[in-house]
Amino acid sequence: MIRLYDYWRSSAAYRVRIALNLKGATYDLVPINILGGVDEQLTDEYRTLNPQMRVPSIEVDGRVAGQSMAIIEWIDEALPGPALLPKDPWTRLQARAFADVIACDIHPLNNLSPLAYLRKEFGADEAAISCWYAEWIVRGFKALEEMAKASEGSDFLFGETPGLAEIALIPQMANARRFKVALDAFPRLLAVDAACRGLEPFVLAAPENRQDGNRIVIAGRDSAQDSINQVGQEMTRRNMNIQPTLTERPGLPVRIIVNRDLVLRPYQPMFFQRGAMQ
């Protein structure tokens with residue numbers, strides 16, 4: 001069983017969700033709220049799982065590891081499904097280099113820790129933080145735009161299907177939009193982003209479909225029954241008294257068996273026919 005400890009808006013966790021979805025994997029999502037003042041990643045319980053106290057972490061049969069890019073490499077090597085890297089060694093190098101511009105150059109400078117340090121030690125206000133954030137996005141995206149031009153005319157960057165490069169790019173594009181970074185200067189990146197965001201593995205992984213709150217989200221890929229079983233097991237493990245939310249792919253039939261009374265709102269149509277209220 002695969003269990004992913006993640007935060008819904010973490011771009012590193014977002015990468016791993018995409019990779020798992022591209023492989024068609026079944027996995028549990030365990031929310032770890034990393035917002036300042038909550039800081040679930042700093043608890044002793046989580047520290048035993050990940051000494052670095054960051055998300056994501058992946059647990060496989062009781063073994064736990066961190067670092068999104070290393071996790072994605074394991075996913076590609078260990079799980080069946082489409083390859084996340086091209087077969088040709090040089091093209092693999094190009095895909096890794098593209099992804100590393102994001103994972104090694106852009107993202108570390110814009111992560112929560114350095115932003116918090118800028119606020120605390122240098123008194124940076126939100127305008128200054130946004131300026132800092134945009135600076136490193138734009139510098140990195142200028143390089144990525146040039147690197148991406150080699151695959152002009154294709155929906156994807158280094159092959160006929162999305163892989164590691166797109167896994168890294170799409171979360172970073174989401175970050176750029178969140179901080180209102182102008183992206184018009186990067187048409188090739190925008191085109192790849194648009195192509196990917198219409199695909200189910202990316203849709204299911206998107207932060208807007210993954211907000212935590214006080215709930216368990218199971219991204220089931222095999223059957224609703226498996227997902228329901230996973231929810232029950234996770235609620236028992238965490239001693240939670242909440243209403244779980246199941247997230248399933250569109251069009252999946254689900255059978256619900258009710259063993260107690262339900263109180264439902266009266267049906268109201270979404271619109272009224274003209275003149276019906278006269």
# chains A, B, ... in the order shown; residues from 1 in each chain; ligands from 1
>>> select_by_dssp(residues="stretch 54-224 of chain A", states="helix (DSSP H, G or I)", output="ChimeraX atom specification")
/A:68-78,89-110,112-122,126-151,164-178,187-197,200-205,207-209,224
>>> write_last_selection(atoms="C-alpha atoms", output="short mmCIF file (atom, residue, chain, number, x, y, z; two decimals), in the first residue's frame")
data_model
loop_
_atom_site.label_atom_id
_atom_site.label_comp_id
_atom_site.auth_asym_id
_atom_site.auth_seq_id
_atom_site.Cartn_x
_atom_site.Cartn_y
_atom_site.Cartn_z
CA SER A 68 9.66 14.79 -4.33
CA MET A 69 12.14 14.26 -7.18
CA ALA A 70 13.57 11.13 -5.55
CA ILE A 71 10.04 9.87 -4.91
CA ILE A 72 9.11 10.44 -8.56
CA GLU A 73 12.19 8.53 -9.67
CA TRP A 74 11.11 5.61 -7.45
CA ILE A 75 7.57 5.81 -8.84
CA ASP A 76 8.91 5.56 -12.38
CA GLU A 77 11.19 2.63 -11.58
CA ALA A 78 8.93 0.66 -9.26
CA PRO A 89 19.66 8.84 -22.98
CA TRP A 90 20.21 12.36 -24.34
CA THR A 91 16.51 13.18 -24.29
CA ARG A 92 16.35 11.82 -20.74
CA LEU A 93 19.16 14.22 -19.84
CA GLN A 94 17.23 17.12 -21.38
CA ALA A 95 14.05 16.20 -19.50
CA ARG A 96 15.92 15.95 -16.20
CA ALA A 97 17.69 19.26 -16.83
CA PHE A 98 14.36 20.96 -17.53
CA ALA A 99 12.80 19.58 -14.35
CA ASP A 100 15.86 20.50 -12.28
CA VAL A 101 15.65 24.16 -13.29
CA ILE A 102 12.37 24.14 -11.38
CA ALA A 103 13.19 21.74 -8.56
CA CYS A 104 16.73 22.99 -7.87
CA ASP A 105 16.77 26.65 -8.95
CA ILE A 106 13.27 28.19 -8.82
CA HIS A 107 11.43 26.29 -6.13
CA PRO A 108 14.00 26.37 -3.29
CA LEU A 109 14.17 30.17 -3.39
CA ASN A 110 10.39 30.49 -3.26
CA LEU A 112 7.84 28.59 2.59
CA SER A 113 11.04 28.55 4.65
CA PRO A 114 12.97 31.26 2.76
CA LEU A 115 9.84 33.39 2.42
CA ALA A 116 9.26 33.16 6.17
CA TYR A 117 12.92 34.06 6.76
CA LEU A 118 12.60 37.13 4.54
CA ARG A 119 9.58 38.26 6.54
CA LYS A 120 11.14 37.63 9.94
CA GLU A 121 14.76 38.69 9.48
CA PHE A 122 14.41 41.45 6.88
CA GLU A 126 3.80 41.00 1.04
CA ALA A 127 4.66 43.35 -1.83
CA ALA A 128 8.35 42.59 -1.35
CA ILE A 129 7.63 38.86 -1.08
CA SER A 130 5.67 38.93 -4.34
CA CYS A 131 8.49 40.82 -6.04
CA TRP A 132 11.04 38.28 -4.79
CA TYR A 133 8.84 35.39 -5.90
CA ALA A 134 8.29 36.80 -9.39
CA GLU A 135 12.00 37.51 -9.88
CA TRP A 136 13.02 33.87 -9.62
CA ILE A 137 10.01 32.61 -11.54
CA VAL A 138 10.75 34.90 -14.47
CA ARG A 139 14.48 34.14 -14.50
CA GLY A 140 13.83 30.42 -14.53
CA PHE A 141 10.96 30.57 -17.01
CA LYS A 142 13.08 32.51 -19.50
CA ALA A 143 15.47 29.57 -19.61
CA LEU A 144 12.67 27.01 -19.68
CA GLU A 145 10.93 28.78 -22.56
CA GLU A 146 14.08 28.47 -24.67
CA MET A 147 14.54 24.84 -23.67
CA ALA A 148 10.92 24.10 -24.56
CA LYS A 149 11.14 25.55 -28.07
CA ALA A 150 12.93 22.42 -29.29
CA SER A 151 9.62 20.55 -29.07
CA LEU A 164 9.01 14.33 -15.60
CA ALA A 165 9.34 17.74 -17.26
CA GLU A 166 5.59 18.33 -17.26
CA ILE A 167 5.30 16.93 -13.72
CA ALA A 168 7.67 19.68 -12.57
CA LEU A 169 6.32 22.44 -14.81
CA ILE A 170 2.58 22.39 -14.16
CA PRO A 171 2.80 22.93 -10.36
CA GLN A 172 5.26 25.76 -10.92
CA MET A 173 2.88 27.38 -13.40
CA ALA A 174 0.18 27.16 -10.73
CA ASN A 175 2.51 28.87 -8.27
CA ALA A 176 3.19 31.63 -10.77
CA ARG A 177 -0.52 32.27 -11.23
CA ARG A 178 -1.09 32.25 -7.50
CA PRO A 187 3.84 31.06 -24.87
CA ARG A 188 5.44 27.64 -25.21
CA LEU A 189 5.18 26.97 -21.47
CA LEU A 190 1.57 28.16 -21.52
CA ALA A 191 0.76 25.79 -24.39
CA VAL A 192 2.24 22.78 -22.58
CA ASP A 193 0.48 23.81 -19.38
CA ALA A 194 -2.87 24.02 -21.17
CA ALA A 195 -2.40 20.60 -22.79
CA CYS A 196 -1.55 18.95 -19.48
CA ARG A 197 -4.20 20.60 -17.34
CA GLU A 200 -7.25 13.47 -15.94
CA PRO A 201 -4.01 12.72 -14.00
CA PHE A 202 -3.31 16.45 -13.76
CA VAL A 203 -6.92 17.38 -13.01
CA LEU A 204 -7.11 14.91 -10.12
CA ALA A 205 -3.80 16.15 -8.70
CA PRO A 207 -4.73 21.78 -5.60
CA GLU A 208 -8.28 22.97 -6.22
CA ASN A 209 -9.35 19.33 -6.25
CA ALA A 224 -15.05 2.62 -5.17
#
>>> closest_residue(among="A:Asp184, A:Glu160, A:Glu152, A:Asp6", to="A:Gly66", atoms="only C-alpha atoms")
A:Asp6
>>> atom_distance(atom1="atom CA of A:Leu42", atom2="atom CA of A:Asp61")
23.2 Å
>>> residues_around(residues="A:Leu79", least_positions_apart="5", cutoff="12 Å", atoms="only C-alpha atoms", output="list in words")
Met1, Ile2, Ala19, Leu20, Asn21, Leu22, Lys23, Gly24, Ala25, Thr26, Tyr27, Val60, Ile71, Ile72, Glu73, Trp74 and Leu84 of chain A
>>> atom_distance(atom1="atom CA of A:Asn50", atom2="atom CA of A:Ile32")
11.9 Å
